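Colleague: Have a look at this one before I ask anything.
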Amino acid sequence: MLNYPDSKRSDHVDNLHGLEIPDPYRWLEDIDSKETLDWINSQNECTFNYLKKIPAREKIANRLTELWDYDKLSAPSLKGGKYFFYRHDGLQNQAVLYWKESLGGEANLLIDPNTLSEDGTIAMNDATVSPDGKLLAYSLAVAGSDWKDFHIKEVECEKDLSDHVKWAKFTGAAWTKDSSGFFYSRYDEPTEGTKLKKANYYQKLYYHKVGDDQTKDVLVYEDKENKEWGFVGEVSDDGKFLLIVVWQGTKSENCIFYKSLEDDNAEVVELLTEFDASYGFIGNDDNIYYFQTDLNAACSKIIAIDINNPERDNWRDIVAESTDNLESSQLMQDKIILTYLHDASSRVVVFDLKNNSFENFELPGIGTVGGFGGRRENTERFYSYMSFTSPTVTYRYDFETGERTVYHRSEVDFNPDNFTIKQIFYTSKDGTKIPLFICHKKGLELTADNPTYLYGYGGFNIPLTPAFSLINSVWMEMGGVLAIANLRGGGEYGSAWHKAGSRHNRQNVFDDFIAGAEWLIENKYTSTNKLAIGGGSNGGLLVGACMTQRPDLFAACLPSVG
């Protein structure tokens, strides 16, 4: 019998505009209080006392350790004639950054974040190499904090410079083309004791010159009227412009400002100011800017804006909206590499800007593709592919010659040929068709007695696409069924699909997930006493809502960080 610890209920009530709202667990928001820490410890003690008694726990842990022990390499990035890449041996906490003079050359260690602290509490968040390949701007965060400090390391001698940029948050480093410095965003230094508790307002965009003390950093942009605005700097490939992406909270819509980098006295120009859509800068041909946007295009399209004639009547559609959701776009010489989602699986098309033609790019099968990044002039591109049963394979493709080679294939003691993957579409409460991936061992009998794990997310315009997971692989090896539901609120079918599961439409997401569980039961994959549901972050909230609304439907519920 599980002896679950009690959670105290207080009499705390908030009065908001005359409406009284009880909040009996407000005391748990004081994360540093002894009472909260005692509560956390009692919860952990109860949980781990239960988990350590599971009969197959050691066997599962040993199998996971066996599978995790394999090399993973990221797709390399070419900067200044050097190739930079991450390597993870499977058992490390963090991936290690290396560089090579050539693809077949010897790997040189650049930075190993696992050595930065004995207890593993320091993490490397960002690592951006300068265009000339000589310097690395990297940021470190402590104990999972969003606050991070930037440092600069010389690549070839692995020496840290004296540069130390503090109080950065929600930002990367955007190098100038001449590698003399980078743009970043930061907040004012918080007052004592408020670093982790106080909301952050009035973010500012700065320029840091290599070798300078942070006190000399140049303020590039701030907005004293809009405290919730944040700024991300991006330097155009030709080095002539600084693009400023203006964001607000968790909104997918953004604004775009820009500044000429050829004139030190140039003012910031507000190009797109209405927060009416998402705009992702792809690149430019002098004054012609290319953006990926969902403006009047739920599945996104590519547009061109002449910054000398920026009126909307002058905008041009370069790639029209498709029935598939456009996930990403990369400029390469006079082509745009377009990655779409077709029913939650990747599809890649190459568009020629000169003759307005499309060419399909061959992929291994149903799965998820990432990569294709690089400087515009480079025809050598790397991309990754994975599926529910196949770990990541990284390919090198030369768009000039058409040569395709395997750069790295992860070798895992797991045979994908023993498993089957299929996709079905079930009907949600309001009649909407919802995609569902189902994976399991071949030859599985539908006896309604199969342990089944249903996973979902359904939020923030983020799609759930085929991905290899060692935990899920062991689950399937043991005879379990894996089901991945592509719920509304996610990014599988563009902004309309996302909005159909957002804000006042949030119940649609819960209905979609519950309908998926009911479909699995009705079609004899499992039963209520063998069905588990799970999700993390936004998916944790999903699980919490569904277990509250339909506790009769599930045998186990795993809300992670919800």
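Identifiers in this document derive from the order of the structure tokens: chains are assigned A, B, ..., residues are numbered from 1 separately in each chain, and ligands are numbered from 1 in order of occurrence.
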Would you kindly return, as a ChimeraX atom specification, each protein, DNA or RNA residue with an atom no farther than 7 Å from any atom of A:Lys204, considering only C-alpha atoms and excluding same-chain residues fewer than 3 positions away?

Modeller: /A:185-187,221-222,231

Colleague: Leaving out A:Cys299 and any residue of its chain fewer than 5 positions from it, which residues lie within 6 Å of it when counting only C-alpha atoms, given as number ranges by chain?

Modeller: A: 325-326, 494

Colleague: Excluding same-chain residues fewer than 2 positions from A:Leu2, what lies within 12 Å of it counting only C-alpha atoms, as a PyMOL selection string?

Modeller: chain A and resi 4-5+43+45-51+53

Colleague: Between A:Leu487, A:Ala127, A:Val412, A:Ala137, which is the closest to A:Leu470 once you count only C-alpha atoms?

Modeller: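 Comparing A:Leu487, A:Ala127, A:Val412, A:Ala137 against A:Leu470, the winner is A:Val412.
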
Colleague: With only C-alpha atoms as the counted atoms, please give the residues lying no more than 9 Å from stretch 235-244 of chain A, apart from itself and same-chain residues fewer than 5 positions off, as JSON, numbers by chain.

Modeller: {"A": [174, 175, 176, 177, 178, 183, 205, 221, 255, 256, 257, 258, 259, 260, 261, 262, 268, 281, 282, 283, 284, 285, 286, 375, 376]}

Colleague: Report, in Å to a single decimal, how far apart atom CA of A:Asp430 and atom CA of A:Asp449 are.

Modeller: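 Value for the atom CA of A:Asp449-atom CA of A:Asp430 distance: 28.7 Å.
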
Colleague: Taking the backbone alone, and naming residues the way the document does, which bits of stretch 205-356 of chain A are strand (DSSP E) by DSSP, as an NGL selection string?

Modeller: :A and (205-209 or 218-221 or 229-235 or 241-248 or 255-260 or 269-272 or 279-285 or 288-293 or 301-306 or 316-319 or 325-332 or 335-342 or 345-352)

Colleague: Those same residues - C-alpha atoms - I'd like them written as an mmCIF file, in the first residue's frame.

Modeller:
```cif
data_model
loop_
_atom_site.group_PDB
_atom_site.id
_atom_site.type_symbol
_atom_site.label_atom_id
_atom_site.label_comp_id
_atom_site.auth_asym_id
_atom_site.auth_seq_id
_atom_site.Cartn_x
_atom_site.Cartn_y
_atom_site.Cartn_z
ATOM 1 C CA LEU A 205 20.041 44.433 -27.551
ATOM 2 C CA TYR A 206 23.790 45.093 -27.269
ATOM 3 C CA TYR A 207 26.944 44.781 -29.351
ATOM 4 C CA HIS A 208 30.052 43.329 -27.686
ATOM 5 C CA LYS A 209 33.455 43.905 -29.292
ATOM 6 C CA VAL A 218 27.126 49.369 -27.193
ATOM 7 C CA LEU A 219 23.362 49.564 -26.709
ATOM 8 C CA VAL A 220 21.854 48.890 -30.137
ATOM 9 C CA TYR A 221 18.150 48.879 -29.354
ATOM 10 C CA TRP A 229 9.273 42.927 -25.729
ATOM 11 C CA GLY A 230 12.391 40.868 -26.323
ATOM 12 C CA PHE A 231 14.944 41.102 -29.129
ATOM 13 C CA VAL A 232 16.990 38.592 -31.109
ATOM 14 C CA GLY A 233 19.763 39.875 -33.347
ATOM 15 C CA GLU A 234 20.696 38.200 -36.630
ATOM 16 C CA VAL A 235 23.366 39.329 -39.103
ATOM 17 C CA PHE A 241 22.371 44.313 -42.118
ATOM 18 C CA LEU A 242 21.433 43.502 -38.555
ATOM 19 C CA LEU A 243 17.962 41.960 -38.395
ATOM 20 C CA ILE A 244 16.133 42.435 -35.087
ATOM 21 C CA VAL A 245 13.400 39.921 -34.359
ATOM 22 C CA VAL A 246 10.972 41.402 -31.829
ATOM 23 C CA TRP A 247 9.123 38.826 -29.726
ATOM 24 C CA GLN A 248 6.574 39.023 -26.943
ATOM 25 C CA CYS A 255 7.931 42.047 -35.598
ATOM 26 C CA ILE A 256 11.041 42.681 -37.705
ATOM 27 C CA PHE A 257 13.321 45.718 -37.464
ATOM 28 C CA TYR A 258 16.686 46.197 -39.170
ATOM 29 C CA LYS A 259 19.787 48.361 -39.059
ATOM 30 C CA SER A 260 22.494 48.970 -41.635
ATOM 31 C CA VAL A 269 14.236 50.887 -39.117
ATOM 32 C CA GLU A 270 10.922 49.349 -38.063
ATOM 33 C CA LEU A 271 9.978 47.177 -41.047
ATOM 34 C CA LEU A 272 7.202 44.888 -39.743
ATOM 35 C CA TYR A 279 8.203 36.220 -39.904
ATOM 36 C CA GLY A 280 11.431 34.236 -40.193
ATOM 37 C CA PHE A 281 14.287 35.897 -42.057
ATOM 38 C CA ILE A 282 15.812 33.575 -44.675
ATOM 39 C CA GLY A 283 18.276 35.903 -46.379
ATOM 40 C CA ASN A 284 18.509 38.785 -48.772
ATOM 41 C CA ASP A 285 19.635 39.918 -52.197
ATOM 42 C CA ILE A 288 15.272 42.340 -51.253
ATOM 43 C CA TYR A 289 14.531 40.458 -48.024
ATOM 44 C CA TYR A 290 13.110 36.925 -48.016
ATOM 45 C CA PHE A 291 10.869 35.766 -45.172
ATOM 46 C CA GLN A 292 9.025 32.606 -44.256
ATOM 47 C CA THR A 293 5.658 33.706 -42.895
ATOM 48 C CA LYS A 301 4.832 30.591 -47.518
ATOM 49 C CA ILE A 302 7.902 32.532 -48.713
ATOM 50 C CA ILE A 303 7.593 36.235 -49.471
ATOM 51 C CA ALA A 304 9.970 38.938 -50.735
ATOM 52 C CA ILE A 305 9.990 42.505 -49.391
ATOM 53 C CA ASP A 306 11.922 45.370 -50.966
ATOM 54 C CA ARG A 316 5.673 39.335 -53.580
ATOM 55 C CA ASP A 317 4.855 35.681 -52.934
ATOM 56 C CA ILE A 318 7.931 33.660 -53.910
ATOM 57 C CA VAL A 319 6.693 30.221 -52.788
ATOM 58 C CA ASN A 325 3.043 22.715 -43.419
ATOM 59 C CA LEU A 326 6.294 24.528 -44.277
ATOM 60 C CA GLU A 327 8.620 23.947 -41.319
ATOM 61 C CA SER A 328 11.897 25.502 -42.431
ATOM 62 C CA SER A 329 13.628 27.132 -45.379
ATOM 63 C CA GLN A 330 17.332 27.559 -46.160
ATOM 64 C CA LEU A 331 18.870 29.749 -48.864
ATOM 65 C CA MET A 332 21.596 28.132 -50.948
ATOM 66 C CA LYS A 335 17.793 28.008 -54.459
ATOM 67 C CA ILE A 336 15.654 27.607 -51.344
ATOM 68 C CA ILE A 337 15.637 24.238 -49.562
ATOM 69 C CA LEU A 338 12.104 23.790 -48.205
ATOM 70 C CA THR A 339 11.267 21.260 -45.484
ATOM 71 C CA TYR A 340 7.567 20.472 -45.189
ATOM 72 C CA LEU A 341 5.517 18.285 -42.869
ATOM 73 C CA HIS A 342 3.139 15.920 -44.633
ATOM 74 C CA SER A 345 6.437 13.348 -41.505
ATOM 75 C CA SER A 346 9.146 15.299 -43.344
ATOM 76 C CA ARG A 347 9.097 16.119 -47.059
ATOM 77 C CA VAL A 348 11.874 18.176 -48.720
ATOM 78 C CA VAL A 349 11.596 20.249 -51.900
ATOM 79 C CA VAL A 350 14.201 22.475 -53.599
ATOM 80 C CA PHE A 351 12.896 25.684 -55.184
ATOM 81 C CA ASP A 352 14.892 27.465 -57.902
#
```

Colleague: Give me the residues near A:Asn538 as a list in words, where near means some atom within 12 Å (using only C-alpha atoms) and where sequence neighbours in that chain fewer than 6 positions away do not count.

Modeller: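 Once the adjacent positions are removed, what remains is Tyr455, Gly456, Tyr457, Gly458, Gly459, Phe460, Asn461, Ile462, Leu487, Gly489, Gly490, Gly501, Ser502, Arg506, Val509, Phe510, Gly544, Ala545, Pro559, Ser560, Val561 and Gly562 of chain A.
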
Colleague: Among stretch 133-314 of chain A, which ones does DSSP assign to helix (DSSP H, G or I) (computed from the backbone)? Answer as a list in words.

Modeller: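 These are the residues in question: Gln214, Thr215, Lys216, Arg312, Asp313 and Asn314 of chain A.
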
Colleague: Smallest atom-to-atom distance to A:Phe85: which of A:Ile152, A:Tyr407, A:Asp276, A:Lys422, using only C-alpha atoms?

Modeller: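 Distance minimum relative to A:Phe85 lands on A:Tyr407.
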
Colleague: Which is closer to A:Asp11 than all the others in A:Asp23, A:Asp89, A:Glu492, A:Glu158, using only C-alpha atoms?

Modeller: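 Looking at the shortest contact to A:Asp11, the residue is A:Asp23.
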
Colleague: Considering only C-alpha atoms, can you say which of A:Asn450, A:Asn265, A:Asn15, A:Thr392 comes closest to A:Gly367?

Modeller: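 Looking at the shortest contact to A:Gly367, the residue is A:Thr392.
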
Colleague: Nearest to A:Phe468 among A:Asp38, A:Gly371, A:Leu116, A:Phe388, with distances taken over only C-alpha atoms: which residue is it?

Modeller: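 For A:Phe468, the nearest of the candidates is A:Phe388.
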
Colleague: Mind giving me the straight-line distance from atom CA of A:Glu192 to atom CA of A:Trp167 in Å, one decimal?

Modeller: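 Atom-to-atom, atom CA of A:Glu192 to atom CA of A:Trp167, that is 13.4 Å.
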
Colleague: Pick out the residues sitting within 12 Å of A:Gly479, and hand them over as a PDB file with N, CA and C atoms, in the first residue's frame; count only C-alpha atoms, and ignore anything fewer than 6 positions along from it in its own chain.

Modeller:
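Once written, result.pdb looks like this:
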```
ATOM      1  N   ASN A 418      12.536  -5.699 -36.709  1.00  0.00           N
ATOM      2  CA  ASN A 418      11.647  -6.488 -35.848  1.00  0.00           C
ATOM      3  C   ASN A 418      10.375  -5.735 -35.460  1.00  0.00           C
ATOM      4  N   PHE A 419      10.242  -4.504 -35.968  1.00  0.00           N
ATOM      5  CA  PHE A 419       9.134  -3.666 -35.525  1.00  0.00           C
ATOM      6  C   PHE A 419       8.379  -3.098 -36.721  1.00  0.00           C
ATOM      7  N   CYS A 439       3.434   2.027 -33.068  1.00  0.00           N
ATOM      8  CA  CYS A 439       4.656   1.241 -33.263  1.00  0.00           C
ATOM      9  C   CYS A 439       4.651   0.063 -32.287  1.00  0.00           C
ATOM     10  N   HIS A 440       5.074  -1.109 -32.775  1.00  0.00           N
ATOM     11  CA  HIS A 440       5.148  -2.287 -31.903  1.00  0.00           C
ATOM     12  C   HIS A 440       5.906  -3.396 -32.619  1.00  0.00           C
ATOM     13  N   LYS A 441       6.135  -4.473 -31.919  1.00  0.00           N
ATOM     14  CA  LYS A 441       6.777  -5.637 -32.509  1.00  0.00           C
ATOM     15  C   LYS A 441       5.914  -6.201 -33.633  1.00  0.00           C
ATOM     16  N   LYS A 442       6.577  -6.730 -34.661  1.00  0.00           N
ATOM     17  CA  LYS A 442       5.836  -7.407 -35.714  1.00  0.00           C
ATOM     18  C   LYS A 442       5.168  -8.663 -35.150  1.00  0.00           C
ATOM     19  N   GLY A 443       3.990  -8.974 -35.674  1.00  0.00           N
ATOM     20  CA  GLY A 443       3.277 -10.166 -35.236  1.00  0.00           C
ATOM     21  C   GLY A 443       2.481  -9.989 -33.967  1.00  0.00           C
ATOM     22  N   LEU A 444       2.358  -8.749 -33.499  1.00  0.00           N
ATOM     23  CA  LEU A 444       1.608  -8.509 -32.266  1.00  0.00           C
ATOM     24  C   LEU A 444       0.140  -8.896 -32.444  1.00  0.00           C
ATOM     25  N   GLU A 445      -0.388  -9.657 -31.512  1.00  0.00           N
ATOM     26  CA  GLU A 445      -1.797 -10.025 -31.535  1.00  0.00           C
ATOM     27  C   GLU A 445      -2.618  -8.962 -30.811  1.00  0.00           C
ATOM     28  N   LEU A 446      -3.709  -8.553 -31.447  1.00  0.00           N
ATOM     29  CA  LEU A 446      -4.581  -7.550 -30.842  1.00  0.00           C
ATOM     30  C   LEU A 446      -5.540  -8.248 -29.889  1.00  0.00           C
ATOM     31  N   ASP A 449      -5.008  -6.784 -24.486  1.00  0.00           N
ATOM     32  CA  ASP A 449      -4.257  -6.989 -23.243  1.00  0.00           C
ATOM     33  C   ASP A 449      -2.823  -6.478 -23.366  1.00  0.00           C
ATOM     34  N   ASN A 450      -2.567  -5.647 -24.389  1.00  0.00           N
ATOM     35  CA  ASN A 450      -1.205  -5.184 -24.629  1.00  0.00           C
ATOM     36  C   ASN A 450      -0.907  -3.919 -23.822  1.00  0.00           C
ATOM     37  N   PRO A 451       0.170  -3.920 -23.034  1.00  0.00           N
ATOM     38  CA  PRO A 451       0.578  -2.675 -22.365  1.00  0.00           C
ATOM     39  C   PRO A 451       0.843  -1.602 -23.421  1.00  0.00           C
ATOM     40  N   THR A 452       0.206  -0.455 -23.289  1.00  0.00           N
ATOM     41  CA  THR A 452       0.278   0.584 -24.321  1.00  0.00           C
ATOM     42  C   THR A 452       0.594   1.930 -23.680  1.00  0.00           C
ATOM     43  N   TYR A 453       1.502   2.657 -24.336  1.00  0.00           N
ATOM     44  CA  TYR A 453       1.892   3.986 -23.860  1.00  0.00           C
ATOM     45  C   TYR A 453       1.484   5.003 -24.912  1.00  0.00           C
ATOM     46  N   ASN A 472      11.644   4.398 -25.504  1.00  0.00           N
ATOM     47  CA  ASN A 472      10.534   3.817 -26.258  1.00  0.00           C
ATOM     48  C   ASN A 472      10.932   2.507 -26.923  1.00  0.00           C
ATOM     49  N   SER A 473      12.192   2.408 -27.348  1.00  0.00           N
ATOM     50  CA  SER A 473      12.669   1.178 -27.986  1.00  0.00           C
ATOM     51  C   SER A 473      12.635   0.002 -27.014  1.00  0.00           C
ATOM     52  N   TYR A 525      -6.190  -2.758 -29.217  1.00  0.00           N
ATOM     53  CA  TYR A 525      -4.760  -2.659 -28.938  1.00  0.00           C
ATOM     54  C   TYR A 525      -4.497  -2.826 -27.451  1.00  0.00           C
ATOM     55  N   THR A 526      -5.422  -2.350 -26.640  1.00  0.00           N
ATOM     56  CA  THR A 526      -5.198  -2.352 -25.201  1.00  0.00           C
ATOM     57  C   THR A 526      -6.535  -2.244 -24.480  1.00  0.00           C
TER      58      THR A 526
END
```

Colleague: Find the distance between atom CA of A:Gly540 and atom CA of A:Asp512 and write it in Å to one decimal.

Modeller: 15.1 Å
